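See below for start.txt, which holds compact mmCIF, C-alpha atoms.
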# COMPACT_ATOMS: atom_id res chain seq x y z
CA MET A 424 61.42 -1.79 -18.27
CA SER A 425 63.87 -1.19 -15.42
CA ALA A 426 64.23 -3.79 -12.71
CA THR A 427 62.80 -1.65 -9.93
CA ASN A 428 59.70 0.37 -9.24
CA ILE A 429 59.95 3.15 -6.66
CA ALA A 430 56.94 4.87 -5.08
CA LEU A 431 56.62 7.86 -2.76
CA THR A 432 54.42 6.97 0.21
CA SER A 433 53.01 8.76 3.25
CA THR A 434 52.56 6.87 6.54
CA ILE A 435 51.27 8.03 9.91
CA SER A 436 52.20 5.81 12.85
CA GLU A 437 50.64 5.47 16.28
CA ASP A 438 53.54 7.38 17.84
CA ASN A 439 52.24 10.62 16.25
CA THR A 440 54.79 10.60 13.43
CA LEU A 441 54.39 11.19 9.71
CA GLU A 442 56.91 9.43 7.48
CA LEU A 443 57.49 10.26 3.82
CA ALA A 444 59.65 7.69 2.11
CA LEU A 445 60.52 6.04 -1.20
CA ARG A 446 59.58 2.38 -1.20
CA GLU A 447 60.57 -0.33 -3.65
CA ILE A 448 57.48 -2.08 -4.98
CA ASP A 449 56.72 -4.60 -7.70
CA ILE A 450 56.27 -3.54 -11.29
CA PRO A 451 52.56 -4.15 -11.87
CA GLN A 452 51.05 -6.50 -14.41
CA PRO A 453 48.02 -5.19 -16.31
CA GLY A 454 44.61 -6.79 -16.23
CA GLU A 455 42.34 -7.03 -19.27
CA ASN A 456 41.34 -3.35 -19.30
CA GLN A 457 44.47 -1.95 -17.73
CA ILE A 458 47.73 -0.46 -18.93
CA VAL A 459 51.12 0.01 -17.29
CA ILE A 460 52.57 3.50 -17.69
CA ARG A 461 56.19 4.53 -17.29
CA VAL A 462 55.53 7.74 -15.38
CA GLU A 463 57.63 10.57 -16.78
CA ALA A 464 55.96 13.62 -15.21
CA ALA A 465 53.59 14.22 -12.30
CA PRO A 466 52.60 17.63 -10.87
CA ILE A 467 52.40 18.55 -7.21
CA ASN A 468 48.92 20.02 -6.73
CA PRO A 469 47.49 21.41 -3.47
CA SER A 470 45.19 18.38 -3.34
CA ASP A 471 48.24 16.10 -3.30
CA LEU A 472 49.58 17.78 -0.19
CA GLY A 473 46.50 16.74 1.78
CA VAL A 474 47.50 13.10 1.30
CA MET A 475 51.23 13.72 1.51
CA PHE A 476 51.37 15.85 4.67
CA SER A 477 47.92 15.09 6.11
CA VAL A 478 47.62 16.87 9.48
CA ALA A 479 51.34 16.82 10.32
CA ASP A 480 53.13 19.95 11.49
CA MET A 481 55.67 20.28 8.69
CA THR A 482 57.63 22.92 10.60
CA THR A 483 58.91 19.96 12.65
CA ALA A 484 60.08 18.03 9.58
CA LYS A 485 63.50 16.36 9.72
CA GLN A 486 65.37 14.59 6.93
CA SER A 487 67.34 11.35 7.19
CA GLY A 488 68.21 8.41 4.95
CA SER A 489 70.49 8.63 1.93
CA ALA A 490 70.69 10.96 -1.06
CA GLU A 491 68.94 8.36 -3.23
CA ARG A 492 66.40 7.34 -0.57
CA PRO A 493 65.70 10.32 1.68
CA VAL A 494 63.20 9.93 4.52
CA ILE A 495 61.18 12.75 6.07
CA HIS A 496 59.70 12.59 9.56
CA ALA A 497 57.34 15.18 11.06
CA GLU A 498 55.22 15.39 14.19
CA VAL A 499 51.44 14.97 14.11
CA PRO A 500 49.74 17.00 16.88
CA ALA A 501 47.93 14.70 19.29
CA LYS A 502 44.65 16.59 18.84
CA PHE A 503 44.52 15.51 15.17
CA MET A 504 45.29 11.81 15.62
CA GLY A 505 41.63 10.87 15.94
CA ALA A 506 40.93 12.30 12.49
CA VAL A 507 43.51 10.02 10.83
CA LYS A 508 43.01 6.80 12.79
CA LYS A 509 41.83 4.90 9.68
CA ARG A 510 45.14 5.48 7.90
CA LEU A 511 47.45 4.66 10.83
CA GLY A 512 50.22 2.28 9.81
CA LYS A 513 49.25 2.33 6.13
CA ALA A 514 51.75 3.42 3.47
CA ILE A 515 49.50 5.67 1.37
CA PRO A 516 50.65 6.25 -2.24
CA VAL A 517 50.86 9.92 -3.17
CA GLY A 518 50.08 11.78 -6.41
CA ASN A 519 46.72 12.27 -8.13
CA GLU A 520 47.77 12.51 -11.77
CA GLY A 521 50.62 12.32 -14.24
CA ALA A 522 51.64 11.30 -17.73
CA GLY A 523 54.01 8.91 -19.43
CA THR A 524 54.47 6.14 -21.97
CA VAL A 525 52.40 2.95 -22.05
CA VAL A 526 54.84 0.02 -21.72
CA ALA A 527 52.41 -2.86 -21.15
CA ALA A 528 48.74 -3.40 -21.94
CA GLY A 529 45.98 -5.82 -21.10
CA SER A 530 44.20 -7.99 -23.63
CA SER A 531 41.23 -5.71 -24.38
CA ALA A 532 41.17 -3.75 -27.62
CA ALA A 533 41.01 -0.46 -25.70
CA ALA A 534 44.14 -1.32 -23.72
CA GLN A 535 46.05 -2.64 -26.72
CA SER A 536 45.27 0.52 -28.72
CA LEU A 537 47.28 2.58 -26.22
CA MET A 538 50.45 0.47 -26.33
CA GLY A 539 53.52 2.66 -26.84
CA LYS A 540 51.52 5.90 -26.73
CA THR A 541 51.87 8.89 -24.42
CA VAL A 542 48.92 9.18 -22.07
CA ALA A 543 47.82 11.22 -19.10
CA PHE A 544 46.14 9.48 -16.18
CA ILE A 545 44.36 10.08 -12.90
CA GLY A 546 43.60 7.82 -10.00
CA GLY A 547 46.31 8.13 -7.38
CA GLY A 548 49.84 6.90 -6.81
CA SER A 549 51.40 8.90 -9.63
CA TYR A 550 54.61 9.65 -7.71
CA ARG A 551 56.24 6.40 -8.81
CA ARG A 552 58.17 5.04 -11.77
CA TYR A 553 55.48 2.65 -13.05
CA VAL A 554 51.75 2.70 -12.44
CA CYS A 555 48.91 0.42 -13.53
CA VAL A 556 45.59 2.10 -14.32
CA ASN A 557 42.28 1.32 -15.99
CA VAL A 558 41.99 2.64 -19.54
CA GLN A 559 38.97 4.70 -18.47
CA SER A 560 41.28 6.69 -16.18
CA CYS A 561 43.51 7.67 -19.10
CA LEU A 562 43.57 10.39 -21.72
CA GLU A 563 45.43 9.65 -24.95
CA LEU A 564 47.55 12.67 -25.79
CA ALA A 565 47.79 13.96 -29.33
CA PRO A 566 50.92 13.00 -31.28
CA GLY A 567 53.72 15.42 -30.50
CA THR A 568 52.48 16.11 -26.97
CA THR A 569 55.11 15.36 -24.32
CA ALA A 570 54.50 13.84 -20.90
CA VAL A 571 55.49 17.15 -19.29
CA GLU A 572 52.90 19.00 -21.39
CA GLY A 573 50.24 16.44 -20.53
CA ALA A 574 51.07 15.84 -16.87
CA SER A 575 48.37 18.22 -15.59
CA SER A 576 45.58 17.08 -17.91
CA PHE A 577 43.02 16.23 -15.25
CA VAL A 578 42.90 18.05 -11.93
CA ASN A 579 43.22 21.69 -13.01
CA PRO A 580 41.71 21.49 -16.53
CA LEU A 581 38.68 19.43 -15.51
CA THR A 582 38.15 21.53 -12.38
CA ALA A 583 38.13 24.72 -14.44
CA LEU A 584 35.76 23.22 -17.00
CA ALA A 585 33.55 21.81 -14.24
CA MET A 586 33.24 25.29 -12.78
CA VAL A 587 31.96 26.62 -16.09
CA GLU A 588 29.56 23.71 -16.57
CA THR A 589 28.30 24.04 -12.99
CA MET A 590 27.64 27.74 -13.63
CA ARG A 591 25.58 26.82 -16.69
CA ALA A 592 23.74 23.94 -15.01
CA GLU A 593 22.73 26.10 -12.03
CA GLY A 594 21.51 29.02 -14.12
CA HIS A 595 24.20 31.62 -13.40
CA LYS A 596 25.73 33.77 -16.12
CA ALA A 597 29.15 34.85 -14.82
CA ILE A 598 31.77 33.60 -12.35
CA VAL A 599 33.89 34.94 -9.50
CA HIS A 600 37.20 33.15 -8.88
CA ALA A 601 39.63 33.72 -6.02
CA ALA A 602 43.41 33.14 -6.03
CA ALA A 603 42.88 33.73 -9.73
CA ALA A 604 46.52 34.01 -10.85
CA SER A 605 47.16 30.30 -10.20
CA ASN A 606 47.67 27.80 -13.02
CA LEU A 607 44.02 26.81 -12.65
CA GLY A 608 42.97 30.46 -12.56
CA GLN A 609 44.83 31.20 -15.77
CA MET A 610 43.12 28.22 -17.42
CA LEU A 611 39.71 29.41 -16.25
CA ASN A 612 40.45 32.86 -17.62
CA ARG A 613 41.33 31.42 -21.04
CA ILE A 614 38.21 29.24 -21.05
CA CYS A 615 35.92 32.15 -20.17
CA MET A 616 37.51 34.41 -22.76
CA ALA A 617 37.06 31.73 -25.44
CA ASP A 618 33.47 30.95 -24.40
CA GLY A 619 32.34 34.55 -23.93
CA ILE A 620 31.77 34.24 -20.18
CA ASP A 621 32.42 37.16 -17.84
CA LEU A 622 34.89 36.25 -15.09
CA VAL A 623 35.73 38.32 -12.03
CA ASN A 624 39.26 37.47 -10.91
CA ILE A 625 40.26 38.08 -7.28
CA VAL A 626 44.00 38.33 -6.57
CA ARG A 627 46.04 39.74 -3.67
CA LYS A 628 49.14 41.24 -5.31
CA PRO A 629 49.60 43.97 -7.94
CA GLU A 630 51.87 41.75 -10.04
CA GLN A 631 49.13 39.09 -10.15
CA GLU A 632 46.67 41.72 -11.29
CA ALA A 633 49.08 42.79 -14.04
CA LEU A 634 49.64 39.17 -15.10
CA LEU A 635 45.95 38.50 -15.64
CA ARG A 636 45.32 41.81 -17.38
CA ASP A 637 48.20 41.06 -19.74
CA MET A 638 46.42 37.77 -20.50
CA GLY A 639 43.29 39.68 -21.47
CA ALA A 640 41.30 39.50 -18.25
CA LYS A 641 38.78 42.35 -18.06
CA TYR A 642 37.73 42.14 -14.42
CA VAL A 643 40.54 41.85 -11.87
CA VAL A 644 40.21 43.05 -8.26
CA ASN A 645 42.85 43.07 -5.55
CA SER A 646 41.72 41.78 -2.14
CA SER A 647 44.57 43.65 -0.41
CA SER A 648 43.38 47.00 -1.76
CA ASP A 649 41.48 49.45 0.46
CA SER A 650 38.89 49.71 -2.30
CA PHE A 651 38.43 45.93 -2.65
CA MET A 652 34.78 45.76 -1.58
CA ALA A 653 33.79 48.69 -3.81
CA ASP A 654 35.81 47.32 -6.73
CA LEU A 655 34.31 43.85 -6.36
CA THR A 656 30.77 45.22 -6.10
CA GLN A 657 31.24 47.26 -9.27
CA ALA A 658 32.59 44.21 -11.15
CA LEU A 659 29.57 42.21 -9.97
CA ILE A 660 27.20 44.96 -11.12
CA GLU A 661 28.78 44.88 -14.58
CA THR A 662 28.91 41.08 -14.91
CA GLY A 663 25.91 39.91 -12.91
CA ALA A 664 28.01 37.12 -11.38
CA THR A 665 26.18 35.20 -8.66
CA ILE A 666 28.42 32.12 -8.36
CA ALA A 667 31.96 32.04 -6.95
CA PHE A 668 34.70 29.45 -6.53
CA ASP A 669 37.10 29.97 -3.63
CA PRO A 670 40.23 27.85 -3.03
CA ILE A 671 41.22 29.83 0.07
CA GLY A 672 38.46 28.52 2.32
CA GLY A 673 39.22 30.05 5.70
CA GLY A 674 38.70 33.65 6.72
CA ARG A 675 36.03 36.06 5.50
CA LEU A 676 36.52 36.10 1.72
CA ALA A 677 33.44 33.97 1.05
CA SER A 678 31.44 36.32 3.25
CA ASP A 679 32.83 39.39 1.48
CA ILE A 680 31.92 37.91 -1.92
CA LEU A 681 28.34 37.22 -0.81
CA THR A 682 28.07 40.70 0.70
CA CYS A 683 29.18 42.32 -2.56
CA MET A 684 26.87 40.06 -4.58
CA GLU A 685 23.95 41.15 -2.41
CA ALA A 686 24.89 44.80 -2.85
CA ALA A 687 25.11 44.35 -6.61
CA VAL A 688 21.80 42.53 -7.11
CA SER A 689 19.82 44.72 -4.70
CA ARG A 690 21.06 48.13 -5.84
CA ASN A 691 17.82 48.89 -7.72
CA ILE A 692 15.42 47.40 -5.17
CA THR A 693 13.29 50.21 -3.73
CA GLU A 694 11.35 48.34 -1.04
CA TYR A 695 13.17 47.21 2.10
CA SER A 696 13.03 43.55 3.10
CA VAL A 697 14.53 42.16 6.29
CA TYR A 698 15.24 38.99 4.31
CA GLY A 699 17.31 40.69 1.63
CA SER A 700 17.00 40.06 -2.10
CA ASP A 701 15.53 36.84 -3.48
CA ILE A 702 18.41 36.42 -5.98
CA TYR A 703 20.30 33.25 -5.06
CA LYS A 704 24.03 33.67 -4.49
CA GLN A 705 26.41 30.69 -4.32
CA VAL A 706 30.01 30.33 -3.12
CA TYR A 707 31.80 27.01 -3.58
CA ILE A 708 34.86 26.25 -1.46
CA TYR A 709 37.24 23.99 -3.37
CA GLY A 710 40.47 24.34 -1.43
CA GLY A 711 42.06 25.04 1.93
CA LEU A 712 44.83 27.55 1.41
CA ASP A 713 43.66 29.07 4.70
CA ARG A 714 43.01 26.25 7.20
CA GLY A 715 41.22 28.56 9.64
CA PRO A 716 37.46 28.78 10.22
CA ILE A 717 35.19 30.25 7.55
CA THR A 718 33.72 33.48 8.92
CA LEU A 719 30.32 34.55 7.63
CA ASN A 720 29.10 38.03 8.54
CA ARG A 721 25.39 37.77 7.76
CA THR A 722 24.88 40.91 5.69
CA PHE A 723 23.63 39.23 2.52
CA GLY A 724 20.05 38.19 3.19
CA PHE A 725 18.82 34.61 3.13
CA ALA A 726 19.12 33.56 -0.53
CA TRP A 727 22.63 32.14 -0.48
CA GLY A 728 24.70 29.02 -0.09
CA VAL A 729 28.25 28.07 0.85
CA ASN A 730 29.16 24.53 -0.17
CA GLY A 731 32.16 22.34 -0.81
CA PHE A 732 33.20 21.69 -4.40
CA LEU A 733 35.05 18.47 -5.19
CA LEU A 734 35.98 17.64 -8.77
CA PHE A 735 34.84 14.02 -8.74
CA ASN A 736 31.47 14.90 -7.22
CA ALA A 737 30.99 17.69 -9.75
CA LEU A 738 31.80 15.38 -12.66
CA GLY A 739 29.25 12.89 -11.38
CA LYS A 740 26.53 15.55 -11.42
CA LEU A 741 27.39 16.78 -14.92
CA GLY A 742 26.86 13.43 -16.64
CA MET A 743 28.82 11.22 -19.04
CA GLU A 744 28.20 13.23 -22.22
CA THR A 745 29.56 16.42 -20.67
CA ASN A 746 32.50 14.52 -19.16
CA ILE A 747 33.50 13.08 -22.53
CA ALA A 748 33.26 16.50 -24.20
CA MET A 749 35.41 18.03 -21.47
CA ARG A 750 38.14 15.39 -21.86
CA LYS A 751 38.21 15.82 -25.63
CA ARG A 752 38.58 19.58 -25.24
CA VAL A 753 41.48 19.14 -22.81
CA ALA A 754 43.31 16.80 -25.18
CA ALA A 755 42.80 19.15 -28.11
CA GLU A 756 43.89 22.29 -26.23
CA ILE A 757 46.55 20.94 -23.83
CA LYS A 758 49.23 23.19 -25.33
CA THR A 759 47.07 26.32 -25.34
CA THR A 760 44.01 26.74 -23.11
CA PHE A 761 45.11 24.09 -20.63
CA ALA A 762 48.87 24.60 -20.71
CA SER A 763 50.60 24.34 -17.32
CA HIS A 764 53.85 26.01 -16.38
CA TYR A 765 56.28 24.69 -13.78
CA THR A 766 58.91 26.66 -11.91
CA HIS A 767 60.80 23.61 -10.62
CA GLU A 768 61.38 20.03 -11.78
CA VAL A 769 62.57 17.45 -9.24
CA SER A 770 63.20 13.72 -9.03
CA LEU A 771 61.35 11.52 -6.53
CA ALA A 772 64.28 11.95 -4.15
CA GLY A 773 64.35 15.67 -4.89
CA ALA A 774 60.73 15.99 -3.75
CA LEU A 775 61.80 14.76 -0.30
CA GLN A 776 64.31 17.53 0.39
CA LEU A 777 63.46 19.94 3.19
CA ASP A 778 64.02 23.04 1.04
CA ALA A 779 61.74 21.70 -1.70
CA ILE A 780 59.05 20.75 0.82
CA ALA A 781 59.20 24.22 2.36
CA ALA A 782 58.70 25.74 -1.11
CA TYR A 783 55.88 23.64 -2.57
CA GLY A 784 54.26 23.24 0.84
CA LYS A 785 53.41 26.96 0.83
CA MET A 786 51.12 26.42 -2.19
CA ALA A 787 52.18 29.85 -3.39
CA THR A 788 50.84 31.25 -6.66
CA GLY A 789 53.53 31.05 -9.33
CA GLU A 790 55.45 28.25 -7.58
CA LYS A 791 54.52 24.92 -9.17
CA TYR A 792 56.62 21.79 -8.86
CA LEU A 793 56.79 18.86 -11.28
CA ILE A 794 58.12 15.43 -10.30
CA LYS A 795 60.02 13.46 -12.95
CA PRO A 796 60.17 9.92 -11.52
CA GLN A 797 62.57 8.55 -14.11
CA THR A 798 65.37 10.98 -13.21

Kindly present the structure from the file in structure tokens form.
Amino acid sequence: MSATNIALTSTISEDNTLELALREIDIPQPGENQIVIRVEAAPINPSDLGVMFSVADMTTAKQSGSAERPVIHAEVPAKFMGAVKKRLGKAIPVGNEGAGTVVAAGSSAAAQSLMGKTVAFIGGGSYRRYVCVNVQSCLELAPGTTAVEGASSFVNPLTALAMVETMRAEGHKAIVHAAAASNLGQMLNRICMADGIDLVNIVRKPEQEALLRDMGAKYVVNSSSDSFMADLTQALIETGATIAFDPIGGGRLASDILTCMEAAVSRNITEYSVYGSDIYKQVYIYGGLDRGPITLNRTFGFAWGVNGFLLFNALGKLGMETNIAMRKRVAAEIKTTFASHYTHEVSLAGALQLDAIAAYGKMATGEKYLIKPQT
């Protein structure tokens, strides 16, 4: 074990300033049911940026410090300070998940059984060299699986699986997914193909449409096309999808999806009703790629819902048996169904470069960064 442990932290101060910095912290000691992991790979997911950048205006970001210990400062608009008052002055650790080698273990049999093995973990603070986590927050990776291959074993894979299980639990038979060419979208497409579930993929670029079709996707519609609403309605007629998952959030996409769902389910209804069809239509918002307001143009009756979708809440509703089965499937298929692909690999210091922040901060499809804390 090296003599130092470095962690990437995010701090908002009372002078309306966000600071991103690398801090030297103690190497943790494991408790009875804990293990210490030498973190070798940790992805940058959109959910990580909410902690990392918070409500700061990153167009004001400035870099200082040294090459080994860069520091980023950015302005926080005064109107948002009230929303973050509980984190003022606190150095918040960043990073939801990662993977690495177990270098120390507590006294329990479960902890000792992981000693020396490569594991994935979730629980926060993964952008550091060493992390201490409870064994229940870990996933033992199959022999021959690298930390890079297992780094994204939780957030995207479990979210995609939770979408499918939520569809089943709520009585729907097919799914609509927006921003569908993302790493998560590609996973969901592979899951649905394997499980025989119809999936309507919404993308916004022709090359994204081609990518998914090359992967075997049957239903792909382009939201930037003039025929988008007609194309989406036709796909919904063919699939019967009445549940959607939208990571964009702002704008009118959720409304457009509900409108097309209503058109699809009511096409054969002969009697007019001011209340619309009685087929329930559900859109879950699970991201904020568009931070603007959600606009709902009420053209889809009264049998509908728009709700937030958070992975941990969804897992709690699905129950322990389903959770265990989902984790086992991820471990078994981490190199196939749940494989992640990264366009850039950076060190902890490399993640705090203005050009890197500008790139991964856009959360653009096809641009995924991986942090390698040991480099």

Using all atoms listed in the file, which of the listed residues (A:Asn519, A:Ala484, A:Val525, A:Val558) sits closest to Gly454 in chain A?
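Using all atoms listed in the file, Gly454 in chain A sits closest to A:Val558.
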
Polymer residues at most 7 Å from Thr440 in chain A, only C-alpha atoms, same-chain spacing of 3 or more positions, as a ChimeraX atom specification:
/A:435-436,496-499

From the list A:Val556, A:Val644, A:Val571, A:Val517, the nearest residue to Tyr765 in chain A using only C-alpha atoms is A:Val571

Counting all atoms listed in the file, what is within 10 Å of range 772-778 of chain A, bar same-chain residues fewer than 3 positions away, as a PyMOL selection string?
chain A and resi 431+443-445+467+481-482+484-487+489-495+550+768-769+781-784+792-796+798

Would you kindly identify which residues have an atom no farther than 12 Å from (45.8, 25.4, -0.1), using all atoms listed in the file and the file's own coordinates, and write them out as number ranges by chain?
A: 467-473, 601-602, 605, 669-673, 708-715, 783-788

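Considering the residues A:Asn439, A:Ala514, A:Asn612, A:Gln559 and counting all atoms listed in the file, Lys502 in chain A has its shortest atom-to-atom contact with A:Asn439.
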
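Each of A:Val459, A:Met743, A:Leu734, A:Ile680 was compared to Thr722 in chain A using only C-alpha atoms, and A:Ile680 turns out to be the nearest.
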
Closest atom pairs, range 600-668 of chain A residues within 12 Å of range 686-691 of chain A, all atoms listed in the file, as JSON lines:
{"residue": "A:Met652", "atom": "CA", "partner": "A:Ala686", "partner_atom": "CA", "distance": 10.0}
{"residue": "A:Ala653", "atom": "CA", "partner": "A:Ala686", "partner_atom": "CA", "distance": 9.8}
{"residue": "A:Asp654", "atom": "CA", "partner": "A:Ala687", "partner_atom": "CA", "distance": 11.1}
{"residue": "A:Leu655", "atom": "CA", "partner": "A:Ala687", "partner_atom": "CA", "distance": 9.2}
{"residue": "A:Thr656", "atom": "CA", "partner": "A:Ala687", "partner_atom": "CA", "distance": 5.7}
{"residue": "A:Gln657", "atom": "CA", "partner": "A:Ala687", "partner_atom": "CA", "distance": 7.3}
{"residue": "A:Ala658", "atom": "CA", "partner": "A:Ala687", "partner_atom": "CA", "distance": 8.8}
{"residue": "A:Leu659", "atom": "CA", "partner": "A:Ala687", "partner_atom": "CA", "distance": 6.0}
{"residue": "A:Ile660", "atom": "CA", "partner": "A:Ala687", "partner_atom": "CA", "distance": 5.0}
{"residue": "A:Glu661", "atom": "CA", "partner": "A:Ala687", "partner_atom": "CA", "distance": 8.8}
{"residue": "A:Thr662", "atom": "CA", "partner": "A:Ala687", "partner_atom": "CA", "distance": 9.7}
{"residue": "A:Gly663", "atom": "CA", "partner": "A:Val688", "partner_atom": "CA", "distance": 7.6}
{"residue": "A:Ala664", "atom": "CA", "partner": "A:Ala687", "partner_atom": "CA", "distance": 9.1}
{"residue": "A:Thr665", "atom": "CA", "partner": "A:Val688", "partner_atom": "CA", "distance": 8.7}

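Each of A:Gly539, A:Gln452, A:Ile515, A:Ala592 was checked against Phe476 in chain A using only C-alpha atoms; the smallest atom-to-atom distance is that of A:Ile515.
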
Around range 718-725 of chain A, fit a box with edges along x, y and z, padding it by 3 Å on each side, then list its centre and edge lengths in Å to one decimal as AutoDock Vina command-line options.
--center_x 26.3 --center_y 37.2 --center_z 5.7 --size_x 20.9 --size_y 13.4 --size_z 12.4

With N, CA and C atoms as the target, complete range 652-664 of chain A and hand it back as a compact mmCIF listing (two decimals), keeping the file's coordinate frame.
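Wrote out.txt, looks like this:
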# COMPACT_ATOMS: atom_id res chain seq x y z
N MET A 652 36.22 46.02 -1.62
CA MET A 652 34.78 45.76 -1.58
C MET A 652 34.04 46.58 -2.63
N ALA A 653 34.43 47.84 -2.79
CA ALA A 653 33.79 48.69 -3.81
C ALA A 653 34.14 48.20 -5.21
N ASP A 654 35.40 47.81 -5.41
CA ASP A 654 35.81 47.32 -6.73
C ASP A 654 35.10 46.02 -7.09
N LEU A 655 34.98 45.12 -6.10
CA LEU A 655 34.31 43.85 -6.36
C LEU A 655 32.83 44.07 -6.64
N THR A 656 32.20 44.94 -5.87
CA THR A 656 30.77 45.22 -6.10
C THR A 656 30.54 45.77 -7.50
N GLN A 657 31.39 46.69 -7.95
CA GLN A 657 31.24 47.26 -9.27
C GLN A 657 31.41 46.20 -10.35
N ALA A 658 32.39 45.29 -10.17
CA ALA A 658 32.59 44.21 -11.15
C ALA A 658 31.38 43.29 -11.18
N LEU A 659 30.76 43.07 -10.03
CA LEU A 659 29.57 42.21 -9.97
C LEU A 659 28.36 42.89 -10.60
N ILE A 660 28.28 44.21 -10.46
CA ILE A 660 27.20 44.96 -11.12
C ILE A 660 27.32 44.82 -12.64
N GLU A 661 28.56 44.93 -13.12
CA GLU A 661 28.78 44.88 -14.58
C GLU A 661 28.62 43.48 -15.15
N THR A 662 28.95 42.45 -14.38
CA THR A 662 28.91 41.08 -14.91
C THR A 662 27.66 40.32 -14.53
N GLY A 663 27.06 40.67 -13.40
CA GLY A 663 25.91 39.91 -12.91
C GLY A 663 26.29 38.57 -12.33
N ALA A 664 27.55 38.40 -11.92
CA ALA A 664 28.01 37.12 -11.38
C ALA A 664 27.35 36.83 -10.04
